[in-house]
>>> print(open('entry-v6.tsv').read())   # TSV, C-alpha atoms and all ligand atoms
chain	number	residue	atom	x	y	z
E	1	MET	CA	120.01	106.27	87.61
E	2	LYS	CA	118.05	103.05	88.33
E	3	LYS	CA	114.46	103.49	89.47
E	4	THR	CA	113.21	100.96	92.01
E	5	LEU	CA	109.71	100.48	93.46
E	6	ILE	CA	109.57	98.89	96.91
E	7	THR	CA	106.16	97.81	98.24
E	8	GLY	CA	105.82	97.45	101.99
E	9	ALA	CA	108.35	100.28	102.18
E	10	ALA	CA	107.28	101.39	105.67
E	11	GLY	CA	107.66	97.90	107.11
E	12	PHE	CA	110.63	96.21	108.75
E	13	LEU	CA	112.26	94.62	105.68
E	14	GLY	CA	110.90	97.18	103.21
E	15	SER	CA	112.37	100.15	105.07
E	16	HIS	CA	115.80	98.54	105.32
E	17	LEU	CA	115.64	97.78	101.59
E	18	CYS	CA	114.78	101.44	100.91
E	19	ASP	CA	117.94	102.41	102.82
E	20	ARG	CA	120.06	99.95	100.86
E	21	PHE	CA	118.80	100.95	97.42
E	22	ILE	CA	119.17	104.64	98.27
E	23	ALA	CA	122.75	103.88	99.36
E	24	GLU	CA	123.32	102.09	96.05
E	25	GLY	CA	122.35	105.28	94.21
E	26	HIS	CA	118.87	104.26	93.04
E	27	HIS	CA	115.81	106.47	92.81
E	28	VAL	CA	113.45	104.71	95.24
E	29	ILE	CA	109.67	104.81	95.14
E	30	GLY	CA	108.24	103.49	98.40
E	31	MET	CA	104.65	102.25	98.56
E	32	ASP	CA	102.68	101.14	101.61
E	33	ASN	CA	99.07	101.14	102.82
E	34	LEU	CA	100.34	101.58	106.40
E	35	ILE	CA	98.15	98.85	107.91
E	36	THR	CA	101.15	97.24	109.59
E	37	GLY	CA	103.91	99.57	108.36
E	38	ASP	CA	104.91	102.79	110.09
E	39	LEU	CA	106.06	106.01	108.41
E	40	LYS	CA	108.56	106.46	111.24
E	41	ASN	CA	110.66	103.76	109.58
E	42	ILE	CA	111.24	105.86	106.47
E	43	GLU	CA	110.80	109.45	107.62
E	44	HIS	CA	114.57	109.93	107.50
E	45	LEU	CA	114.35	109.48	103.71
E	46	PHE	CA	111.61	112.05	103.03
E	47	HIS	CA	113.99	114.96	102.47
E	48	LEU	CA	115.83	113.12	99.68
E	49	GLU	CA	115.08	113.97	96.07
E	50	ARG	CA	115.75	110.37	95.16
E	51	PHE	CA	112.94	109.12	97.44
E	52	GLU	CA	109.21	109.28	96.83
E	53	PHE	CA	106.40	107.74	98.86
E	54	PHE	CA	102.95	106.64	97.72
E	55	HIS	CA	100.34	105.78	100.35
E	56	HIS	CA	98.63	103.08	98.33
E	57	ASP	CA	97.15	99.61	98.72
E	58	VAL	CA	98.69	97.34	96.07
E	59	THR	CA	95.60	95.13	95.98
E	60	LYS	CA	94.03	98.05	94.07
E	61	PHE	CA	95.27	98.87	90.56
E	62	VAL	CA	98.84	100.19	90.77
E	63	HIS	CA	100.01	102.93	88.47
E	64	VAL	CA	103.48	104.47	88.62
E	65	PRO	CA	104.30	107.01	85.93
E	66	GLY	CA	107.60	107.08	84.07
E	67	ARG	CA	110.37	104.57	83.69
E	68	MET	CA	110.98	101.76	86.19
E	69	ASP	CA	113.81	99.24	86.40
E	70	HIS	CA	113.05	97.12	89.45
E	71	ILE	CA	110.09	96.19	91.62
E	72	LEU	CA	110.52	94.57	95.02
E	73	HIS	CA	107.21	93.27	96.37
E	74	PHE	CA	107.52	93.22	100.16
E	75	ALA	CA	104.03	94.35	101.16
E	76	SER	CA	102.40	91.80	103.48
E	77	PRO	CA	101.60	91.27	107.10
E	78	ALA	CA	104.36	88.91	108.19
E	79	SER	CA	103.81	87.97	111.80
E	80	PRO	CA	101.37	85.33	113.04
E	81	ILE	CA	99.51	87.92	115.17
E	82	ASP	CA	99.07	90.23	112.18
E	83	TYR	CA	97.93	87.68	109.68
E	84	LEU	CA	95.55	86.10	112.14
E	85	LYS	CA	94.01	89.53	112.77
E	86	ILE	CA	93.82	90.52	109.11
E	87	PRO	CA	93.58	87.23	107.22
E	88	ILE	CA	91.71	88.52	104.17
E	89	GLU	CA	94.14	91.42	103.65
E	90	THR	CA	96.99	88.91	103.96
E	91	LEU	CA	95.50	86.69	101.26
E	92	LYS	CA	94.77	89.67	99.02
E	93	VAL	CA	98.20	91.27	99.16
E	94	GLY	CA	99.93	87.99	98.33
E	95	SER	CA	97.53	87.17	95.48
E	96	LEU	CA	95.86	90.28	93.99
E	97	GLY	CA	98.75	92.51	95.04
E	98	THR	CA	101.28	90.23	93.37
E	99	LEU	CA	99.12	90.03	90.23
E	100	ASN	CA	98.97	93.85	90.02
E	101	LEU	CA	102.71	94.21	90.47
E	102	LEU	CA	103.52	91.54	87.89
E	103	GLY	CA	101.31	93.46	85.47
E	104	LEU	CA	103.10	96.68	86.35
E	105	ALA	CA	106.49	95.00	85.84
E	106	ARG	CA	105.33	93.78	82.43
E	107	ASP	CA	104.17	97.25	81.39
E	108	HIS	CA	107.48	98.80	82.45
E	109	LYS	CA	109.67	95.87	81.30
E	110	ALA	CA	111.02	95.93	84.85
E	111	ARG	CA	112.66	93.13	86.81
E	112	ILE	CA	110.52	92.02	89.76
E	113	LEU	CA	111.62	90.29	92.96
E	114	VAL	CA	108.88	88.89	95.20
E	115	ALA	CA	109.25	88.22	98.92
E	116	SER	CA	108.35	84.66	99.66
E	117	THR	CA	109.01	82.88	102.91
E	118	SER	CA	110.15	79.73	104.68
E	119	GLU	CA	106.44	79.37	105.52
E	120	VAL	CA	105.97	77.81	102.07
E	121	TYR	CA	107.61	74.74	103.67
E	122	GLY	CA	104.91	74.73	106.40
E	123	ASP	CA	105.71	72.33	109.24
E	124	PRO	CA	108.55	70.68	107.32
E	125	LEU	CA	109.10	66.94	107.14
E	126	VAL	CA	112.53	67.52	105.57
E	127	HIS	CA	115.31	69.11	107.61
E	128	PRO	CA	117.08	71.39	106.80
E	129	GLN	CA	114.81	72.77	104.11
E	130	ASN	CA	116.22	73.08	100.61
E	131	GLU	CA	114.43	74.78	97.73
E	132	ASP	CA	113.35	71.50	96.13
E	133	TYR	CA	111.20	70.56	99.11
E	134	TYR	CA	107.50	71.09	98.33
E	135	GLY	CA	106.43	71.71	101.91
E	136	ASN	CA	103.84	70.49	104.38
E	137	VAL	CA	101.21	73.22	104.60
E	138	SER	CA	97.63	73.07	105.82
E	139	PRO	CA	95.60	75.20	103.38
E	140	ILE	CA	92.75	75.60	105.88
E	141	GLY	CA	94.68	76.17	109.12
E	142	PRO	CA	95.12	79.64	110.66
E	143	ARG	CA	98.54	80.12	109.04
E	144	GLY	CA	97.18	78.98	105.67
E	145	VAL	CA	96.21	82.56	104.78
E	146	TYR	CA	99.86	83.54	104.76
E	147	ASP	CA	101.43	80.30	103.57
E	148	GLU	CA	99.04	79.75	100.67
E	149	ALA	CA	99.13	83.41	99.61
E	150	LYS	CA	102.92	83.15	99.38
E	151	ARG	CA	102.72	79.83	97.54
E	152	PHE	CA	100.30	81.43	95.07
E	153	MET	CA	102.72	84.37	94.79
E	154	GLU	CA	105.51	82.00	93.75
E	155	SER	CA	103.26	80.16	91.34
E	156	ILE	CA	101.96	83.24	89.52
E	157	THR	CA	105.46	84.75	89.44
E	158	MET	CA	106.83	81.65	87.69
E	159	ALA	CA	103.82	81.70	85.32
E	160	TYR	CA	104.58	85.32	84.31
E	161	HIS	CA	108.19	84.32	83.82
E	162	ARG	CA	107.41	81.27	81.68
E	163	HIS	CA	104.41	82.63	79.81
E	164	HIS	CA	105.38	86.29	79.35
E	165	GLY	CA	109.15	86.04	79.65
E	166	LEU	CA	109.05	88.44	82.61
E	167	ASP	CA	112.36	88.93	84.44
E	168	THR	CA	111.51	87.56	87.90
E	169	ARG	CA	113.24	86.63	91.18
E	170	ILE	CA	111.84	84.80	94.23
E	171	VAL	CA	113.46	84.99	97.66
E	172	ARG	CA	112.38	82.63	100.46
E	173	ILE	CA	113.03	84.60	103.61
E	174	PHE	CA	113.70	82.78	106.89
E	175	ASN	CA	113.13	84.38	110.33
E	176	THR	CA	114.88	87.75	110.26
E	177	TYR	CA	115.37	90.26	113.08
E	178	GLY	CA	116.69	93.78	113.48
E	179	SER	CA	115.74	97.35	114.23
E	180	ARG	CA	112.24	98.59	113.25
E	181	MET	CA	110.47	95.34	114.06
E	182	ARG	CA	107.26	96.27	115.85
E	183	LEU	CA	107.48	95.50	119.54
E	184	ASN	CA	103.86	94.35	119.51
E	185	ASP	CA	103.80	92.22	116.38
E	186	GLY	CA	104.08	89.01	118.37
E	187	ARG	CA	107.25	87.74	116.72
E	188	VAL	CA	109.55	86.07	119.13
E	189	VAL	CA	112.51	88.48	119.01
E	190	PRO	CA	110.55	91.68	119.84
E	191	ALA	CA	108.24	89.65	122.12
E	192	PHE	CA	111.06	88.38	124.36
E	193	ILE	CA	113.11	91.59	124.34
E	194	GLY	CA	109.97	93.68	124.99
E	195	GLN	CA	109.02	91.42	127.90
E	196	ALA	CA	112.51	91.67	129.35
E	197	LEU	CA	112.48	95.48	129.05
E	198	ARG	CA	109.03	95.79	130.68
E	199	GLY	CA	110.01	93.41	133.49
E	200	GLU	CA	107.57	90.70	132.43
E	201	ASP	CA	108.10	86.95	132.31
E	202	LEU	CA	109.14	85.55	128.93
E	203	THR	CA	106.36	83.57	127.26
E	204	VAL	CA	107.63	80.39	125.61
E	205	PHE	CA	104.97	78.66	123.51
E	206	GLY	CA	104.72	74.90	123.85
E	207	ASP	CA	107.67	73.28	125.61
E	208	GLY	CA	110.10	75.46	123.65
E	209	SER	CA	111.62	72.52	121.80
E	210	GLN	CA	110.56	73.95	118.41
E	211	THR	CA	113.49	75.41	116.51
E	212	ARG	CA	114.12	78.53	114.44
E	213	SER	CA	117.22	79.95	112.73
E	214	PHE	CA	117.52	83.73	113.00
E	215	THR	CA	119.05	85.99	110.36
E	216	TYR	CA	120.27	89.50	111.09
E	217	ILE	CA	118.68	92.18	108.91
E	218	ASP	CA	121.93	93.32	107.24
E	219	ASP	CA	122.65	89.77	106.08
E	220	GLN	CA	119.10	89.40	104.79
E	221	VAL	CA	119.25	92.67	102.83
E	222	GLU	CA	122.60	91.67	101.31
E	223	GLY	CA	121.16	88.32	100.16
E	224	ILE	CA	118.11	89.99	98.62
E	225	TYR	CA	120.25	92.59	96.86
E	226	ARG	CA	122.54	89.92	95.38
E	227	LEU	CA	119.57	87.85	94.23
E	228	LEU	CA	117.99	90.84	92.47
E	229	MET	CA	121.26	91.56	90.69
E	230	SER	CA	121.75	87.89	89.68
E	231	ASP	CA	120.10	86.18	86.74
E	232	TYR	CA	118.62	83.31	88.76
E	233	VAL	CA	114.83	82.90	88.48
E	234	GLU	CA	114.07	79.91	90.73
E	235	PRO	CA	113.47	80.46	94.45
E	236	ILE	CA	116.46	80.94	96.76
E	237	ASN	CA	116.50	80.52	100.54
E	238	ILE	CA	118.04	83.43	102.40
E	239	GLY	CA	118.51	82.63	106.07
E	240	ASN	CA	121.06	81.81	108.71
E	241	PRO	CA	121.45	78.06	109.31
E	242	ASP	CA	122.41	78.66	112.95
E	243	GLU	CA	119.47	76.84	114.57
E	244	THR	CA	118.28	77.13	118.17
E	245	THR	CA	115.35	75.89	120.20
E	246	ILE	CA	112.98	78.60	121.39
E	247	LEU	CA	113.67	77.64	125.02
E	248	GLU	CA	117.44	78.11	124.54
E	249	PHE	CA	116.65	81.35	122.76
E	250	ALA	CA	114.61	82.61	125.75
E	251	GLU	CA	117.55	81.79	128.02
E	252	GLU	CA	119.86	83.68	125.67
E	253	ILE	CA	117.62	86.77	125.88
E	254	ILE	CA	117.51	86.54	129.69
E	255	LYS	CA	121.31	86.50	129.75
E	256	LEU	CA	121.62	89.32	127.22
E	257	THR	CA	119.19	91.65	128.97
E	258	GLY	CA	120.15	90.70	132.53
E	259	THR	CA	116.47	90.51	133.45
E	260	ASN	CA	115.59	88.54	136.57
E	261	GLN	CA	112.24	87.48	135.15
E	262	LYS	CA	111.49	83.84	134.54
E	263	ILE	CA	110.26	81.77	131.62
E	264	ILE	CA	106.58	80.82	131.58
E	265	PHE	CA	105.00	78.34	129.20
E	266	LYS	CA	101.91	79.04	127.05
E	267	PRO	CA	100.08	76.76	124.59
E	268	LEU	CA	101.76	76.19	121.23
E	269	PRO	CA	99.77	77.97	118.49
E	270	LYS	CA	98.12	75.70	115.90
E	271	ASP	CA	100.38	74.63	113.03
E	272	ASP	CA	103.43	76.31	114.61
E	273	PRO	CA	106.30	74.63	112.69
E	274	LEU	CA	108.34	72.38	114.98
E	275	GLN	CA	111.63	72.90	113.20
E	276	ARG	CA	113.07	75.33	110.71
E	277	GLN	CA	116.56	75.66	109.29
E	278	PRO	CA	117.51	76.81	105.81
E	279	ASP	CA	119.74	74.83	103.52
E	280	ILE	CA	121.68	77.69	101.92
E	281	THR	CA	123.79	75.69	99.46
E	282	ARG	CA	122.06	77.39	96.53
E	283	ALA	CA	122.59	80.92	97.89
E	284	LYS	CA	126.26	80.14	98.51
E	285	GLU	CA	126.82	78.68	95.03
E	286	ILE	CA	124.77	81.10	92.97
E	287	LEU	CA	125.03	84.35	94.90
E	288	GLY	CA	128.27	83.81	96.79
E	289	TRP	CA	126.21	84.75	99.84
E	290	GLU	CA	126.32	83.52	103.40
E	291	PRO	CA	125.42	85.23	106.67
E	292	LYS	CA	128.18	87.16	108.41
E	293	VAL	CA	126.56	88.35	111.64
E	294	HIS	CA	126.56	85.90	114.53
E	295	ARG	CA	123.37	85.79	116.59
E	296	SER	CA	125.07	87.09	119.75
E	297	GLU	CA	126.31	90.14	117.84
E	298	GLY	CA	123.01	90.80	116.05
E	299	LEU	CA	120.98	90.41	119.23
E	300	LYS	CA	123.17	92.96	121.02
E	301	LYS	CA	122.42	95.49	118.26
E	302	VAL	CA	118.69	94.84	118.26
E	303	TYR	CA	118.60	95.05	122.07
E	304	GLU	CA	120.28	98.47	121.90
E	305	TYR	CA	117.61	99.53	119.39
E	306	PHE	CA	114.69	98.38	121.55
E	307	LYS	CA	116.29	99.99	124.62
E	308	SER	CA	116.40	103.34	122.79
E	309	LEU	CA	112.60	103.38	122.30
E	310	SER	CA	110.45	105.63	124.46
E	311	HIS	CA	108.38	104.40	127.40
E	312	ASP	CA	105.20	104.95	125.32
E	313	GLU	CA	106.50	102.88	122.45
E	314	LEU	CA	107.49	100.12	124.81
E	315	TYR	CA	104.02	99.96	126.34
E	316	GLN	CA	101.99	100.87	123.28
E	317	ALA	CA	98.81	98.83	122.98
E	318	HIS	CA	98.27	96.56	120.04
E	319	ARG	CA	97.27	98.43	116.97
E	320	ASP	CA	93.71	98.62	115.82
E	321	PHE	CA	93.77	96.95	112.45
E	322	GLN	CA	90.46	98.26	111.20
E	323	SER	CA	91.02	99.44	107.69
I	1	LIG	N1	107.15	82.15	120.27
I	1	LIG	C1	107.21	81.97	121.65
I	1	LIG	N2	106.81	83.02	122.43
I	1	LIG	C2	106.40	84.22	121.95
I	1	LIG	C3	106.37	84.40	120.55
I	1	LIG	C4	106.75	83.34	119.73
I	1	LIG	O1	107.56	80.89	122.14
I	1	LIG	O2	106.05	85.11	122.75
I	1	LIG	C5	107.56	81.04	119.40
I	1	LIG	C6	106.55	80.65	118.33
I	1	LIG	O3	105.60	79.74	118.84
I	1	LIG	C7	107.43	80.04	117.27
I	1	LIG	C8	108.75	80.82	117.42
I	1	LIG	O4	108.72	81.44	118.69
I	1	LIG	O5	107.66	78.69	117.54
I	1	LIG	C9	108.94	81.89	116.34
I	1	LIG	O6	107.78	82.65	116.30
I	1	LIG	P1	107.60	83.91	115.36
I	1	LIG	O7	106.21	84.38	115.54
I	1	LIG	O8	108.69	84.89	115.62
I	1	LIG	O9	107.85	83.40	113.89
I	1	LIG	P2	107.34	82.13	113.05
I	1	LIG	O10	106.51	81.22	113.92
I	1	LIG	O11	106.56	82.71	111.93
I	1	LIG	O12	108.61	81.50	112.65
>>> encode(input="entry-v6.tsv", output="structure tokens", more="lines below")
Ligand code: UDP
Amino acid sequence: MKKTLITGAAGFLGSHLCDRFIAEGHHVIGMDNLITGDLKNIEHLFHLERFEFFHHDVTKFVHVPGRMDHILHFASPASPIDYLKIPIETLKVGSLGTLNLLGLARDHKARILVASTSEVYGDPLVHPQNEDYYGNVSPIGPRGVYDEAKRFMESITMAYHRHHGLDTRIVRIFNTYGSRMRLNDGRVVPAFIGQALRGEDLTVFGDGSQTRSFTYIDDQVEGIYRLLMSDYVEPINIGNPDETTILEFAEEIIKLTGTNQKIIFKPLPKDDPLQRQPDITRAKEILGWEPKVHRSEGLKKVYEYFKSLSHDELYQAHRDFQS
């Protein structure tokens, strides 16, 4: 039986990956410091013999006894609100955390896949973004803590591959949505659906002409799984090329939820990328992967999920991030 360590296991992507690797018959070791993750996302796995959980911060030395085949490093704050609130932790988990996990992979002769992001392209001057584009990132802007940590993550991962022959994979994840996203993490999908459910106006930042391309969680997990199982070591974009402006997206959510609230406009956050769309030629050619779930279908599912949450969860105040 394959043994797989997943960091950020209690988070949105991490918890869905735990489900997938359990379903594939792996023994899964979840690890999370629970700053932004929530045990609720994985509590359904606790009764399984093939699932273990370590409450641990990967920026501290990581030790996992016994054999290990795969490591998936998904621990990181991943929403602008989170990484603006906890910038140092964000930098540390992408840098020191990655370093620790690369060392662990080396010790165990394990294959490691690290979660990078479309944010490495910054506010892109090339559209759509393919993997050869170097990006347009401000190292000192508010988003720099996330973008540069992820760029460092890619750099050190390639160095371990080239210098130590470590078996590595790098996925560049584009905006992904699905169940278990935190309603209060500020990302646009939970933000708009949460506002609609609470009967609040939808807050579009800027004039809403900035674009994003949204990937449903099941498609994202499939892409990541195929990449891990492939032998390809350079970065691969996993995202849905179906691009929309944020204003059109707000209108789509109003239609979906049937809310009679209106759209209000708020200032555009600094360095908010104006356009984002993945070029997925490489994923198609190398992994035989492309997204299957249309946005209208995926949004219906995620709306059902958010509707099923309790009143308290819907109104829960922003978390206190003191750690
Ligand atoms: N956004 C918005 N209103 C909100 C939250 C986000 O207009 O209440 C915009 C945000 O400015 C960005 C886009 O939606 O242009 C996607 O934001 P998100 O935080 O989900 O992801 P990212 O900016 O990291 O792609």
>>> residues_near_point(input="entry-v6.tsv", point="(123.8, 80.4, 104.2)", cutoff="6 Å", atoms="only C-alpha atoms", output="list in words")
Asn240, Ile280, Glu290 and Pro291 of chain E
>>> closest_residue(input="entry-v6.tsv", among="E:Ile286, E:Ala110, E:Ala23, E:Ala9", to="E:Ala75", atoms="all atoms listed in the file")
E:Ala9
>>> residues_around(input="entry-v6.tsv", residues="E:Leu104", least_positions_apart="6", cutoff="9 Å", atoms="all atoms listed in the file", output="ChimeraX atom specification")
/E:62-64,71,110
>>> write_last_selection(input="entry-v6.tsv", atoms="C-alpha atoms", output="short mmCIF file (atom, residue, chain, number, x, y, z; two decimals), keeping the file's coordinate frame")
data_model
loop_
_atom_site.label_atom_id
_atom_site.label_comp_id
_atom_site.auth_asym_id
_atom_site.auth_seq_id
_atom_site.Cartn_x
_atom_site.Cartn_y
_atom_site.Cartn_z
CA VAL E 62 98.84 100.19 90.77
CA HIS E 63 100.01 102.93 88.47
CA VAL E 64 103.48 104.47 88.62
CA ILE E 71 110.09 96.19 91.62
CA ALA E 110 111.02 95.93 84.85
#
>>> atom_distance(input="entry-v6.tsv", atom1="atom CA of E:Pro235", atom2="atom CA of E:Lys292")
21.4 Å
>>> residues_around(input="entry-v6.tsv", residues="E:Pro65", least_positions_apart="5", cutoff="12 Å", atoms="only C-alpha atoms", output="compact mmCIF listing (two decimals) with C-alpha atoms, in the coordinates of the input")
# COMPACT_ATOMS: atom_id res chain seq x y z
CA LYS E 3 114.46 103.49 89.47
CA LEU E 5 109.71 100.48 93.46
CA ILE E 29 109.67 104.81 95.14
CA PHE E 54 102.95 106.64 97.72
CA LEU E 104 103.10 96.68 86.35
CA ASP E 107 104.17 97.25 81.39
CA HIS E 108 107.48 98.80 82.45
>>> closest_atom_pairs(input="entry-v6.tsv", of="chain E", to="ligand LIG 1 (chain I)", cutoff="7 Å", atoms="all atoms listed in the file", output="tab-separated table")
residue	atom	partner	partner_atom	distance
E:Ser79	CA	I:LIG1	O7	5.7
E:Pro80	CA	I:LIG1	O7	5.5
E:Asn175	CA	I:LIG1	O12	5.8
E:Gly186	CA	I:LIG1	C3	5.6
E:Arg187	CA	I:LIG1	O8	3.4
E:Val188	CA	I:LIG1	O8	3.8
E:Val189	CA	I:LIG1	O8	6.2
E:Ala191	CA	I:LIG1	O2	5.1
E:Phe192	CA	I:LIG1	O2	6.2
E:Leu202	CA	I:LIG1	O2	6.9
E:Thr203	CA	I:LIG1	O2	4.8
E:Val204	CA	I:LIG1	O1	3.5
E:Phe205	CA	I:LIG1	O1	3.7
E:Gly206	CA	I:LIG1	O1	6.8
E:Gly208	CA	I:LIG1	O1	6.2
E:Gln210	CA	I:LIG1	O5	5.6
E:Thr211	CA	I:LIG1	O5	6.8
E:Arg212	CA	I:LIG1	C9	6.5
E:Ile246	CA	I:LIG1	O4	5.8
E:Leu268	CA	I:LIG1	O3	5.7
E:Pro269	CA	I:LIG1	O3	6.1
E:Asp272	CA	I:LIG1	O5	5.7
E:Pro273	CA	I:LIG1	O5	6.5
E:Leu274	CA	I:LIG1	O5	6.8
>>> atom_distance(input="entry-v6.tsv", atom1="atom CA of E:Lys266", atom2="atom CA of E:Glu200")
14.0 Å
>>> residues_near_point(input="entry-v6.tsv", point="(106.2, 96.1, 112.2)", cutoff="8 Å", atoms="only C-alpha atoms", output="list in words")
Gly11, Phe12, Thr36, Gly37, Asp38, Arg180, Met181, Arg182, Leu183, Asn184 and Asp185 of chain E
>>> closest_residue(input="entry-v6.tsv", among="E:Lys262, E:His55, E:Lys150, E:His164", to="E:Lys109", atoms="all atoms listed in the file")
E:His164
>>> closest_residue(input="entry-v6.tsv", among="E:Arg295, E:Arg276, E:His70, E:Arg50", to="E:Glu252", atoms="only C-alpha atoms")
E:Arg295
>>> atom_distance(input="entry-v6.tsv", atom1="atom CA of E:Thr157", atom2="atom CA of E:Gly94")
11.0 Å
>>> closest_residue(input="entry-v6.tsv", among="E:Arg106, E:Phe21, E:Thr168, E:Asp242", to="E:Arg67", atoms="only C-alpha atoms")
E:Arg106
>>> closest_residue(input="entry-v6.tsv", among="E:Phe174, E:Tyr146, E:Phe152, E:Phe214", to="E:Asn130", atoms="all atoms listed in the file")
E:Phe174
>>> build_atoms(input="entry-v6.tsv", residues="stretch 14-32 of chain E", atoms="N, CA and C atoms", output="tab-separated table (two decimals), in the frame of the given file")
chain	number	residue	atom	x	y	z
E	14	GLY	N	111.04	96.18	104.27
E	14	GLY	CA	110.90	97.18	103.21
E	14	GLY	C	111.71	98.44	103.51
E	15	SER	N	111.66	98.90	104.75
E	15	SER	CA	112.37	100.15	105.07
E	15	SER	C	113.88	99.95	105.00
E	16	HIS	N	114.35	98.80	105.43
E	16	HIS	CA	115.80	98.54	105.32
E	16	HIS	C	116.22	98.41	103.85
E	17	LEU	N	115.32	97.86	103.03
E	17	LEU	CA	115.64	97.78	101.59
E	17	LEU	C	115.67	99.17	100.98
E	18	CYS	N	114.75	100.05	101.40
E	18	CYS	CA	114.78	101.44	100.91
E	18	CYS	C	116.15	102.04	101.21
E	19	ASP	N	116.62	101.87	102.44
E	19	ASP	CA	117.94	102.41	102.82
E	19	ASP	C	119.03	101.87	101.91
E	20	ARG	N	119.00	100.57	101.65
E	20	ARG	CA	120.06	99.95	100.86
E	20	ARG	C	120.05	100.45	99.41
E	21	PHE	N	118.85	100.53	98.83
E	21	PHE	CA	118.80	100.95	97.42
E	21	PHE	C	119.11	102.44	97.28
E	22	ILE	N	118.75	103.24	98.28
E	22	ILE	CA	119.17	104.64	98.27
E	22	ILE	C	120.71	104.70	98.33
E	23	ALA	N	121.28	103.90	99.23
E	23	ALA	CA	122.75	103.88	99.36
E	23	ALA	C	123.43	103.41	98.09
E	24	GLU	N	122.76	102.58	97.32
E	24	GLU	CA	123.32	102.09	96.05
E	24	GLU	C	123.12	103.10	94.91
E	25	GLY	N	122.50	104.22	95.22
E	25	GLY	CA	122.35	105.28	94.21
E	25	GLY	C	121.07	105.21	93.39
E	26	HIS	N	120.12	104.36	93.80
E	26	HIS	CA	118.87	104.26	93.04
E	26	HIS	C	117.92	105.42	93.39
E	27	HIS	N	116.98	105.67	92.48
E	27	HIS	CA	115.81	106.47	92.81
E	27	HIS	C	114.79	105.49	93.37
E	28	VAL	N	114.33	105.69	94.60
E	28	VAL	CA	113.45	104.71	95.24
E	28	VAL	C	112.04	105.27	95.39
E	29	ILE	N	111.07	104.47	94.93
E	29	ILE	CA	109.67	104.81	95.14
E	29	ILE	C	109.14	103.83	96.19
E	30	GLY	N	108.79	104.34	97.35
E	30	GLY	CA	108.24	103.49	98.40
E	30	GLY	C	106.72	103.48	98.30
E	31	MET	N	106.11	102.34	98.57
E	31	MET	CA	104.65	102.25	98.56
E	31	MET	C	104.22	101.42	99.76
E	32	ASP	N	103.15	101.86	100.43
E	32	ASP	CA	102.68	101.14	101.61
E	32	ASP	C	101.26	101.60	101.92
